[in-house]
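Trainee: To be precise about what I am sending: the file is called model_3.pdb and holds PDB, C-alpha atoms.
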```pdb
ATOM      1  CA  GLY A   1       5.291 -24.775 -18.384
ATOM      2  CA  ALA A   2       7.254 -27.729 -19.657
ATOM      3  CA  GLY A   3       6.397 -29.036 -23.077
ATOM      4  CA  VAL A   4       6.730 -32.531 -24.462
ATOM      5  CA  SER A   5      10.241 -33.844 -24.042
ATOM      6  CA  GLN A   6      11.909 -36.737 -25.813
ATOM      7  CA  SER A   7      15.145 -38.577 -25.189
ATOM      8  CA  PRO A   8      17.588 -39.225 -26.563
ATOM      9  CA  ARG A   9      17.521 -36.462 -29.158
ATOM     10  CA  TYR A  10      19.859 -38.415 -31.411
ATOM     11  CA  LYS A  11      20.517 -42.119 -31.546
ATOM     12  CA  VAL A  12      22.862 -44.071 -33.798
ATOM     13  CA  ALA A  13      22.326 -47.803 -33.821
ATOM     14  CA  LYS A  14      23.995 -50.586 -35.712
ATOM     15  CA  ARG A  15      21.696 -52.750 -37.776
ATOM     16  CA  GLY A  16      20.241 -55.461 -35.582
ATOM     17  CA  GLN A  17      20.455 -53.529 -32.322
ATOM     18  CA  ASP A  18      17.432 -52.796 -30.167
ATOM     19  CA  VAL A  19      16.602 -49.186 -29.292
ATOM     20  CA  ALA A  20      14.246 -47.525 -26.818
ATOM     21  CA  LEU A  21      12.939 -44.005 -27.310
ATOM     22  CA  ARG A  22      11.340 -42.126 -24.454
ATOM     23  CA  CYS A  23       8.569 -39.535 -24.436
ATOM     24  CA  ASP A  24       7.520 -37.355 -21.496
ATOM     25  CA  PRO A  25       4.185 -35.750 -22.383
ATOM     26  CA  ILE A  26       2.805 -32.574 -20.918
ATOM     27  CA  SER A  27       1.602 -33.297 -17.402
ATOM     28  CA  GLY A  28      -2.075 -34.175 -17.317
ATOM     29  CA  HIS A  29      -2.401 -34.843 -21.036
ATOM     30  CA  VAL A  30      -4.608 -37.840 -21.626
ATOM     31  CA  SER A  31      -3.697 -38.685 -25.201
ATOM     32  CA  LEU A  32      -0.253 -39.590 -26.507
ATOM     33  CA  PHE A  33       0.739 -40.229 -30.091
ATOM     34  CA  TRP A  34       3.859 -41.517 -31.808
ATOM     35  CA  TYR A  35       4.705 -40.510 -35.363
ATOM     36  CA  GLN A  36       7.536 -41.428 -37.711
ATOM     37  CA  GLN A  37       8.919 -38.761 -40.025
ATOM     38  CA  ALA A  38      11.187 -39.871 -42.850
ATOM     39  CA  LEU A  39      13.401 -37.359 -44.628
ATOM     40  CA  GLY A  40      11.363 -35.039 -46.828
ATOM     41  CA  GLN A  41       8.057 -36.457 -45.657
ATOM     42  CA  GLY A  42       5.387 -35.413 -43.233
ATOM     43  CA  PRO A  43       4.919 -37.223 -39.921
ATOM     44  CA  GLU A  44       3.157 -40.583 -40.238
ATOM     45  CA  PHE A  45       1.030 -42.008 -37.451
ATOM     46  CA  LEU A  46       2.372 -45.036 -35.590
ATOM     47  CA  THR A  47       0.306 -45.545 -32.460
ATOM     48  CA  TYR A  48      -2.009 -43.847 -29.965
ATOM     49  CA  PHE A  49      -2.600 -44.116 -26.220
ATOM     50  CA  GLN A  50      -5.429 -42.828 -24.134
ATOM     51  CA  ASN A  51      -4.012 -42.875 -20.618
ATOM     52  CA  GLU A  52      -2.354 -46.293 -20.341
ATOM     53  CA  ALA A  53      -4.520 -47.974 -22.963
ATOM     54  CA  GLN A  54      -3.072 -48.413 -26.437
ATOM     55  CA  LEU A  55      -6.162 -47.807 -28.550
ATOM     56  CA  ASP A  56      -4.622 -47.871 -32.002
ATOM     57  CA  LYS A  57      -1.387 -49.417 -33.190
ATOM     58  CA  SER A  58      -2.348 -49.716 -36.824
ATOM     59  CA  GLY A  59       0.538 -47.525 -37.983
ATOM     60  CA  LEU A  60       3.324 -49.624 -36.515
ATOM     61  CA  PRO A  61       5.244 -50.873 -39.567
ATOM     62  CA  SER A  62       6.130 -54.312 -38.224
ATOM     63  CA  ASP A  63       6.108 -56.458 -35.111
ATOM     64  CA  ARG A  64       9.606 -55.185 -34.385
ATOM     65  CA  PHE A  65       7.951 -51.977 -33.154
ATOM     66  CA  PHE A  66       6.424 -51.926 -29.700
ATOM     67  CA  ALA A  67       5.115 -49.045 -27.593
ATOM     68  CA  GLU A  68       3.959 -48.815 -24.017
ATOM     69  CA  ARG A  69       2.665 -46.268 -21.542
ATOM     70  CA  PRO A  70       2.259 -48.343 -18.373
ATOM     71  CA  GLU A  71       1.252 -45.588 -15.941
ATOM     72  CA  GLY A  72      -0.497 -43.300 -18.357
ATOM     73  CA  SER A  73       2.262 -40.698 -18.487
ATOM     74  CA  VAL A  74       5.729 -41.521 -19.857
ATOM     75  CA  SER A  75       5.793 -43.630 -23.006
ATOM     76  CA  THR A  76       8.512 -45.728 -24.586
ATOM     77  CA  LEU A  77       8.764 -46.747 -28.218
ATOM     78  CA  LYS A  78      10.953 -49.785 -28.671
ATOM     79  CA  ILE A  79      12.355 -51.005 -31.951
ATOM     80  CA  GLN A  80      13.882 -54.456 -32.017
ATOM     81  CA  ARG A  81      16.497 -55.627 -34.504
ATOM     82  CA  THR A  82      16.732 -52.225 -36.171
ATOM     83  CA  GLN A  83      16.949 -52.018 -39.947
ATOM     84  CA  GLN A  84      18.223 -49.199 -42.151
ATOM     85  CA  GLU A  85      14.692 -48.339 -43.207
ATOM     86  CA  ASP A  86      13.914 -47.512 -39.572
ATOM     87  CA  SER A  87      16.127 -44.417 -39.857
ATOM     88  CA  ALA A  88      13.819 -41.453 -39.293
ATOM     89  CA  VAL A  89      12.779 -38.850 -36.756
ATOM     90  CA  TYR A  90      10.373 -40.265 -34.209
ATOM     91  CA  LEU A  91       7.966 -37.661 -32.897
ATOM     92  CA  CYS A  92       5.830 -37.892 -29.801
ATOM     93  CA  ALA A  93       2.770 -35.696 -29.309
ATOM     94  CA  SER A  94       0.271 -35.291 -26.509
ATOM     95  CA  SER A  95      -3.092 -33.649 -26.171
ATOM     96  CA  LEU A  96      -5.206 -32.703 -23.203
ATOM     97  CA  VAL A  97      -8.370 -34.634 -23.926
ATOM     98  CA  GLU A  98      -9.415 -37.590 -25.986
ATOM     99  CA  THR A  99     -10.562 -35.765 -29.074
ATOM    100  CA  ASN A 100      -8.342 -32.737 -28.923
ATOM    101  CA  TYR A 101      -6.909 -32.227 -32.371
ATOM    102  CA  GLU A 102      -4.371 -29.700 -31.210
ATOM    103  CA  GLN A 103      -1.523 -31.992 -30.461
ATOM    104  CA  TYR A 104       1.662 -30.689 -28.861
ATOM    105  CA  PHE A 105       4.781 -32.220 -30.324
ATOM    106  CA  GLY A 106       8.136 -32.937 -28.780
ATOM    107  CA  PRO A 107      11.403 -32.175 -30.597
ATOM    108  CA  GLY A 108      11.736 -35.740 -31.814
ATOM    109  CA  THR A 109      14.435 -38.392 -31.680
ATOM    110  CA  ARG A 110      16.530 -38.725 -34.818
ATOM    111  CA  LEU A 111      17.388 -42.396 -35.254
ATOM    112  CA  THR A 112      20.127 -43.386 -37.666
ATOM    113  CA  VAL A 113      20.673 -47.074 -38.320
ATOM    114  CA  THR A 114      24.060 -47.888 -39.858
TER     115      THR A 114
ATOM    116  CA  ASP B   1      -1.513 -42.830 -52.194
ATOM    117  CA  GLN B   2      -1.350 -39.602 -50.291
ATOM    118  CA  GLN B   3      -4.586 -38.414 -48.775
ATOM    119  CA  VAL B   4      -3.197 -34.970 -47.953
ATOM    120  CA  LYS B   5      -1.097 -33.317 -50.616
ATOM    121  CA  GLN B   6       1.078 -30.251 -50.548
ATOM    122  CA  ASN B   7       2.262 -29.958 -54.108
ATOM    123  CA  SER B   8       4.685 -27.083 -53.620
ATOM    124  CA  PRO B   9       7.816 -28.218 -51.781
ATOM    125  CA  SER B  10       8.997 -24.632 -51.382
ATOM    126  CA  LEU B  11       7.827 -21.030 -51.569
ATOM    127  CA  SER B  12       9.807 -17.802 -51.449
ATOM    128  CA  VAL B  13       8.142 -14.498 -50.541
ATOM    129  CA  GLN B  14       9.313 -10.975 -49.858
ATOM    130  CA  GLU B  15       8.880  -9.605 -46.349
ATOM    131  CA  GLY B  16       5.617  -7.701 -45.990
ATOM    132  CA  ARG B  17       3.889  -9.530 -48.841
ATOM    133  CA  ILE B  18       1.296 -12.279 -48.633
ATOM    134  CA  SER B  19       2.313 -15.943 -48.367
ATOM    135  CA  ILE B  20      -0.210 -18.474 -49.654
ATOM    136  CA  LEU B  21       0.359 -22.128 -48.878
ATOM    137  CA  ASN B  22      -1.905 -24.684 -50.500
ATOM    138  CA  CYS B  23      -3.121 -28.121 -49.532
ATOM    139  CA  ASP B  24      -5.385 -30.626 -51.295
ATOM    140  CA  TYR B  25      -7.021 -33.687 -49.841
ATOM    141  CA  THR B  26      -8.774 -36.692 -51.290
ATOM    142  CA  ASN B  27     -10.924 -38.057 -48.483
ATOM    143  CA  SER B  28     -14.278 -36.352 -48.032
ATOM    144  CA  MET B  29     -14.571 -37.955 -44.575
ATOM    145  CA  PHE B  30     -12.000 -35.575 -43.124
ATOM    146  CA  ASP B  31     -13.772 -33.192 -40.776
ATOM    147  CA  TYR B  32     -10.977 -31.110 -39.263
ATOM    148  CA  PHE B  33      -7.909 -29.526 -40.763
ATOM    149  CA  LEU B  34      -4.845 -28.047 -39.138
ATOM    150  CA  TRP B  35      -1.668 -26.237 -40.066
ATOM    151  CA  TYR B  36       1.542 -26.885 -38.213
ATOM    152  CA  LYS B  37       4.780 -24.953 -38.445
ATOM    153  CA  LYS B  38       8.154 -26.608 -37.995
ATOM    154  CA  TYR B  39      11.580 -25.096 -37.427
ATOM    155  CA  PRO B  40      14.718 -27.232 -37.920
ATOM    156  CA  ALA B  41      15.487 -29.610 -35.035
ATOM    157  CA  GLU B  42      12.161 -28.845 -33.382
ATOM    158  CA  GLY B  43       8.832 -30.617 -33.366
ATOM    159  CA  PRO B  44       5.862 -29.203 -35.284
ATOM    160  CA  THR B  45       3.903 -26.507 -33.471
ATOM    161  CA  PHE B  46       0.196 -25.958 -33.933
ATOM    162  CA  LEU B  47      -0.652 -22.824 -35.877
ATOM    163  CA  ILE B  48      -4.319 -22.704 -36.827
ATOM    164  CA  SER B  49      -7.199 -25.057 -37.549
ATOM    165  CA  ILE B  50     -10.580 -25.172 -39.243
ATOM    166  CA  SER B  51     -13.598 -27.383 -38.906
ATOM    167  CA  SER B  52     -15.215 -28.741 -42.045
ATOM    168  CA  ILE B  53     -18.401 -26.829 -41.224
ATOM    169  CA  LYS B  54     -16.600 -23.526 -41.729
ATOM    170  CA  ASP B  55     -14.959 -21.977 -44.745
ATOM    171  CA  LYS B  56     -12.666 -19.502 -43.033
ATOM    172  CA  ASN B  57     -10.820 -19.105 -39.757
ATOM    173  CA  GLU B  58      -8.640 -16.159 -38.875
ATOM    174  CA  ASP B  59      -6.050 -15.672 -36.148
ATOM    175  CA  GLY B  60      -3.991 -12.524 -36.351
ATOM    176  CA  ARG B  61      -1.831 -12.625 -39.457
ATOM    177  CA  PHE B  62      -2.925 -16.171 -40.269
ATOM    178  CA  THR B  63      -6.103 -17.137 -42.127
ATOM    179  CA  VAL B  64      -7.100 -20.569 -43.294
ATOM    180  CA  PHE B  65      -9.641 -21.006 -46.079
ATOM    181  CA  LEU B  66     -11.466 -24.252 -46.770
ATOM    182  CA  ASN B  67     -13.173 -25.115 -50.066
ATOM    183  CA  LYS B  68     -14.908 -28.420 -49.434
ATOM    184  CA  SER B  69     -16.245 -28.860 -52.948
ATOM    185  CA  ALA B  70     -12.708 -28.582 -54.323
ATOM    186  CA  LYS B  71     -11.193 -30.475 -51.373
ATOM    187  CA  HIS B  72      -8.720 -27.659 -51.020
ATOM    188  CA  LEU B  73      -7.471 -25.497 -48.205
ATOM    189  CA  SER B  74      -5.006 -22.678 -48.062
ATOM    190  CA  LEU B  75      -3.097 -20.780 -45.412
ATOM    191  CA  HIS B  76      -2.599 -17.061 -45.905
ATOM    192  CA  ILE B  77       0.025 -15.163 -43.953
ATOM    193  CA  VAL B  78      -0.250 -11.380 -44.144
ATOM    194  CA  PRO B  79       2.113  -9.640 -43.804
ATOM    195  CA  SER B  80       4.876 -12.197 -44.056
ATOM    196  CA  GLN B  81       7.834 -11.803 -41.713
ATOM    197  CA  PRO B  82      11.315 -13.372 -41.815
ATOM    198  CA  GLY B  83      10.469 -15.278 -38.612
ATOM    199  CA  ASP B  84       7.737 -17.073 -40.553
ATOM    200  CA  SER B  85      10.419 -18.945 -42.500
ATOM    201  CA  ALA B  86       9.810 -22.595 -41.650
ATOM    202  CA  VAL B  87       8.267 -25.769 -43.028
ATOM    203  CA  TYR B  88       4.467 -25.707 -42.940
ATOM    204  CA  PHE B  89       2.504 -28.938 -42.723
ATOM    205  CA  CYS B  90      -1.143 -29.335 -43.558
ATOM    206  CA  ALA B  91      -2.883 -32.073 -41.547
ATOM    207  CA  ALA B  92      -6.341 -33.621 -41.532
ATOM    208  CA  ASP B  93      -8.386 -35.748 -39.185
ATOM    209  CA  TYR B  94     -11.354 -38.073 -39.549
ATOM    210  CA  GLY B  95     -12.838 -37.126 -36.218
ATOM    211  CA  GLY B  96     -14.133 -39.732 -33.819
ATOM    212  CA  SER B  97     -12.351 -40.613 -30.625
ATOM    213  CA  GLN B  98      -8.764 -40.854 -31.702
ATOM    214  CA  GLY B  99      -7.530 -37.725 -33.397
ATOM    215  CA  ASN B 100      -4.443 -39.107 -35.064
ATOM    216  CA  LEU B 101      -3.486 -36.718 -37.810
ATOM    217  CA  ILE B 102      -2.686 -37.328 -41.461
ATOM    218  CA  PHE B 103      -0.006 -34.966 -42.676
ATOM    219  CA  GLY B 104       1.085 -33.632 -46.038
ATOM    220  CA  LYS B 105       4.765 -33.572 -46.978
ATOM    221  CA  GLY B 106       5.169 -29.928 -46.084
ATOM    222  CA  THR B 107       6.051 -26.669 -47.850
ATOM    223  CA  LYS B 108       9.225 -24.824 -46.961
ATOM    224  CA  LEU B 109       8.500 -21.100 -46.755
ATOM    225  CA  SER B 110      11.340 -18.602 -47.044
ATOM    226  CA  VAL B 111      10.540 -14.969 -46.284
ATOM    227  CA  LYS B 112      13.262 -12.697 -47.529
ATOM    228  CA  PRO B 113      13.950  -9.335 -45.847
TER     229      PRO B 113
END
```
Now, as a test, write the supplied structure out as structure tokens.
Mentor:
Amino acid sequence: GAGVSQSPRYKVAKRGQDVALRCDPISGHVSLFWYQQALGQGPEFLTYFQNEAQLDKSGLPSDRFFAERPEGSVSTLKIQRTQQEDSAVYLCASSLVETNYEQYFGPGTRLTVT
Amino acid sequence: DQQVKQNSPSLSVQEGRISILNCDYTNSMFDYFLWYKKYPAEGPTFLISISSIKDKNEDGRFTVFLNKSAKHLSLHIVPSQPGDSAVYFCAADYGGSQGNLIFGKGTKLSVKP
């Protein structure tokens, strides 16, 4: 079956531009997570949805970052007024139930801010 | 301050031998640990996990050992194969209703034929 998909796979933005990153989780997966992975680092938690409810956004680095999952399936991570420090791979993961630790990751979107 | 530490950025092993990847953690509230494997340009894929109530979990060539008193876990791969060459991430979770994972920085394993 289809795994988690993310688009675009690569995005180059000029500093100050807004970007939107899309995640299509595995069908039927309740939980959806966004992570940010800087070069040479492990993924770092950004935010978490259970269905359409955003239950934790404590990892979002600033109010320029916004995520939504309006119908409990597809999610969008939006970054406003991008800065160079936002350059990273943004990973989306989904899991079947609320407390399932075995998260399935998408391939990520590599964002480069110039 | 990193709560999950993988102190070896890289490891090189001969095909057929054992690979041992190590991970240390600082928070005794973690109750579940996982290993993920990542190939270039792909997302991490789940490999194996262990609950804090156990000290060993085995799945085929992969075994994870947990030493709670030392706050240390390790992943053993026996025998190592060239296809195992990847970056391995150790991750931990507090439990509860959320399940967001805290990752180490990863160890790049190279298995040489």
Trainee: For chain B, which residues have at least one atom within 12 Å of chain A, if we go by all atoms listed in the file? Write them as a PDB file with C-alpha atoms, keeping the file's coordinate frame, please.
Mentor:
```
ATOM      1  CA  GLN B   2      -1.350 -39.602 -50.291  1.00  0.00           C
ATOM      2  CA  GLN B   3      -4.586 -38.414 -48.775  1.00  0.00           C
ATOM      3  CA  VAL B   4      -3.197 -34.970 -47.953  1.00  0.00           C
ATOM      4  CA  LYS B   5      -1.097 -33.317 -50.616  1.00  0.00           C
ATOM      5  CA  GLN B   6       1.078 -30.251 -50.548  1.00  0.00           C
ATOM      6  CA  PRO B   9       7.816 -28.218 -51.781  1.00  0.00           C
ATOM      7  CA  SER B  10       8.997 -24.632 -51.382  1.00  0.00           C
ATOM      8  CA  ASP B  31     -13.772 -33.192 -40.776  1.00  0.00           C
ATOM      9  CA  TYR B  32     -10.977 -31.110 -39.263  1.00  0.00           C
ATOM     10  CA  PHE B  33      -7.909 -29.526 -40.763  1.00  0.00           C
ATOM     11  CA  LEU B  34      -4.845 -28.047 -39.138  1.00  0.00           C
ATOM     12  CA  TRP B  35      -1.668 -26.237 -40.066  1.00  0.00           C
ATOM     13  CA  TYR B  36       1.542 -26.885 -38.213  1.00  0.00           C
ATOM     14  CA  LYS B  37       4.780 -24.953 -38.445  1.00  0.00           C
ATOM     15  CA  LYS B  38       8.154 -26.608 -37.995  1.00  0.00           C
ATOM     16  CA  TYR B  39      11.580 -25.096 -37.427  1.00  0.00           C
ATOM     17  CA  PRO B  40      14.718 -27.232 -37.920  1.00  0.00           C
ATOM     18  CA  ALA B  41      15.487 -29.610 -35.035  1.00  0.00           C
ATOM     19  CA  GLU B  42      12.161 -28.845 -33.382  1.00  0.00           C
ATOM     20  CA  GLY B  43       8.832 -30.617 -33.366  1.00  0.00           C
ATOM     21  CA  PRO B  44       5.862 -29.203 -35.284  1.00  0.00           C
ATOM     22  CA  THR B  45       3.903 -26.507 -33.471  1.00  0.00           C
ATOM     23  CA  PHE B  46       0.196 -25.958 -33.933  1.00  0.00           C
ATOM     24  CA  LEU B  47      -0.652 -22.824 -35.877  1.00  0.00           C
ATOM     25  CA  ILE B  48      -4.319 -22.704 -36.827  1.00  0.00           C
ATOM     26  CA  SER B  49      -7.199 -25.057 -37.549  1.00  0.00           C
ATOM     27  CA  ILE B  50     -10.580 -25.172 -39.243  1.00  0.00           C
ATOM     28  CA  SER B  51     -13.598 -27.383 -38.906  1.00  0.00           C
ATOM     29  CA  VAL B  87       8.267 -25.769 -43.028  1.00  0.00           C
ATOM     30  CA  TYR B  88       4.467 -25.707 -42.940  1.00  0.00           C
ATOM     31  CA  PHE B  89       2.504 -28.938 -42.723  1.00  0.00           C
ATOM     32  CA  CYS B  90      -1.143 -29.335 -43.558  1.00  0.00           C
ATOM     33  CA  ALA B  91      -2.883 -32.073 -41.547  1.00  0.00           C
ATOM     34  CA  ALA B  92      -6.341 -33.621 -41.532  1.00  0.00           C
ATOM     35  CA  ASP B  93      -8.386 -35.748 -39.185  1.00  0.00           C
ATOM     36  CA  TYR B  94     -11.354 -38.073 -39.549  1.00  0.00           C
ATOM     37  CA  GLY B  95     -12.838 -37.126 -36.218  1.00  0.00           C
ATOM     38  CA  GLY B  96     -14.133 -39.732 -33.819  1.00  0.00           C
ATOM     39  CA  SER B  97     -12.351 -40.613 -30.625  1.00  0.00           C
ATOM     40  CA  GLN B  98      -8.764 -40.854 -31.702  1.00  0.00           C
ATOM     41  CA  GLY B  99      -7.530 -37.725 -33.397  1.00  0.00           C
ATOM     42  CA  ASN B 100      -4.443 -39.107 -35.064  1.00  0.00           C
ATOM     43  CA  LEU B 101      -3.486 -36.718 -37.810  1.00  0.00           C
ATOM     44  CA  ILE B 102      -2.686 -37.328 -41.461  1.00  0.00           C
ATOM     45  CA  PHE B 103      -0.006 -34.966 -42.676  1.00  0.00           C
ATOM     46  CA  GLY B 104       1.085 -33.632 -46.038  1.00  0.00           C
ATOM     47  CA  LYS B 105       4.765 -33.572 -46.978  1.00  0.00           C
ATOM     48  CA  GLY B 106       5.169 -29.928 -46.084  1.00  0.00           C
ATOM     49  CA  THR B 107       6.051 -26.669 -47.850  1.00  0.00           C
ATOM     50  CA  LYS B 108       9.225 -24.824 -46.961  1.00  0.00           C
TER      51      LYS B 108
END
```
Trainee: Going by the chain IDs and residue numbers used in this file, which residues fall under the PyMOL selection byres ((chain A and resi 83) around 12)? Write them as an mmCIF file with C-alpha atoms, in the coordinates of the input.
Mentor:
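So the final result, stored in out_7.cif, reads:
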```cif
data_model
loop_
_atom_site.group_PDB
_atom_site.id
_atom_site.type_symbol
_atom_site.label_atom_id
_atom_site.label_comp_id
_atom_site.auth_asym_id
_atom_site.auth_seq_id
_atom_site.Cartn_x
_atom_site.Cartn_y
_atom_site.Cartn_z
ATOM 1 C CA VAL A 12 22.862 -44.071 -33.798
ATOM 2 C CA ALA A 13 22.326 -47.803 -33.821
ATOM 3 C CA LYS A 14 23.995 -50.586 -35.712
ATOM 4 C CA ARG A 15 21.696 -52.750 -37.776
ATOM 5 C CA GLY A 16 20.241 -55.461 -35.582
ATOM 6 C CA GLN A 17 20.455 -53.529 -32.322
ATOM 7 C CA ASP A 18 17.432 -52.796 -30.167
ATOM 8 C CA VAL A 19 16.602 -49.186 -29.292
ATOM 9 C CA PRO A 61 5.244 -50.873 -39.567
ATOM 10 C CA SER A 62 6.130 -54.312 -38.224
ATOM 11 C CA ARG A 64 9.606 -55.185 -34.385
ATOM 12 C CA PHE A 65 7.951 -51.977 -33.154
ATOM 13 C CA ILE A 79 12.355 -51.005 -31.951
ATOM 14 C CA GLN A 80 13.882 -54.456 -32.017
ATOM 15 C CA ARG A 81 16.497 -55.627 -34.504
ATOM 16 C CA THR A 82 16.732 -52.225 -36.171
ATOM 17 C CA GLN A 84 18.223 -49.199 -42.151
ATOM 18 C CA GLU A 85 14.692 -48.339 -43.207
ATOM 19 C CA ASP A 86 13.914 -47.512 -39.572
ATOM 20 C CA SER A 87 16.127 -44.417 -39.857
ATOM 21 C CA ALA A 88 13.819 -41.453 -39.293
ATOM 22 C CA LEU A 111 17.388 -42.396 -35.254
ATOM 23 C CA THR A 112 20.127 -43.386 -37.666
ATOM 24 C CA VAL A 113 20.673 -47.074 -38.320
ATOM 25 C CA THR A 114 24.060 -47.888 -39.858
#
```
Trainee: Provide the CA of Asn27 (chain B) to CA of Leu96 (chain A) distance in Å, to one decimal place.
Mentor: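 So the answer is 26.5 Å.
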Trainee: Using all atoms listed in the file, which residues sit within 9 Å of Lys71 (chain B) once same-chain residues fewer than 4 positions away are excluded, as a CSV table (one decimal) with C-alpha atoms, keeping the file's coordinate frame?
Mentor:
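The result, stored in selection_39.csv:
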```
chain,number,residue,atom,x,y,z
B,23,CYS,CA,-3.1,-28.1,-49.5
B,24,ASP,CA,-5.4,-30.6,-51.3
B,25,TYR,CA,-7.0,-33.7,-49.8
B,26,THR,CA,-8.8,-36.7,-51.3
B,27,ASN,CA,-10.9,-38.1,-48.5
B,28,SER,CA,-14.3,-36.4,-48.0
B,66,LEU,CA,-11.5,-24.3,-46.8
B,67,ASN,CA,-13.2,-25.1,-50.1
```
Trainee: Return the single residue from B:Ser12, B:Asn22, B:Ser85, B:Ser80 that is closest to Phe65 (chain B), with distances computed using all atoms listed in the file.
Mentor: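 For Phe65 (chain B), the nearest of the candidates is B:Asn22.
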Trainee: What is the distance, in Å and to one decimal place, between CA of Phe62 (chain B) and CA of His76 (chain B)?
Mentor: 5.7 Å
Trainee: Within 10 Å of (1.3, -7.9, -42.8), in the coordinates the file gives, what residues turn up when you count all atoms listed in the file, written out as a PyMOL selection string?
Mentor: chain B and resi 15-19+60-62+77-81
Trainee: Decode the PyMOL selection byres ((chain A and resi 71) around 12) for the given file into explicit residues and return them as a CSV table (one decimal) with C-alpha atoms, keeping the file's coordinate frame.
Mentor:
```csv
chain,number,residue,atom,x,y,z
A,24,ASP,CA,7.5,-37.4,-21.5
A,28,GLY,CA,-2.1,-34.2,-17.3
A,30,VAL,CA,-4.6,-37.8,-21.6
A,49,PHE,CA,-2.6,-44.1,-26.2
A,50,GLN,CA,-5.4,-42.8,-24.1
A,51,ASN,CA,-4.0,-42.9,-20.6
A,52,GLU,CA,-2.4,-46.3,-20.3
A,53,ALA,CA,-4.5,-48.0,-23.0
A,54,GLN,CA,-3.1,-48.4,-26.4
A,68,GLU,CA,4.0,-48.8,-24.0
A,69,ARG,CA,2.7,-46.3,-21.5
A,70,PRO,CA,2.3,-48.3,-18.4
A,72,GLY,CA,-0.5,-43.3,-18.4
A,73,SER,CA,2.3,-40.7,-18.5
A,74,VAL,CA,5.7,-41.5,-19.9
A,75,SER,CA,5.8,-43.6,-23.0
A,76,THR,CA,8.5,-45.7,-24.6
```
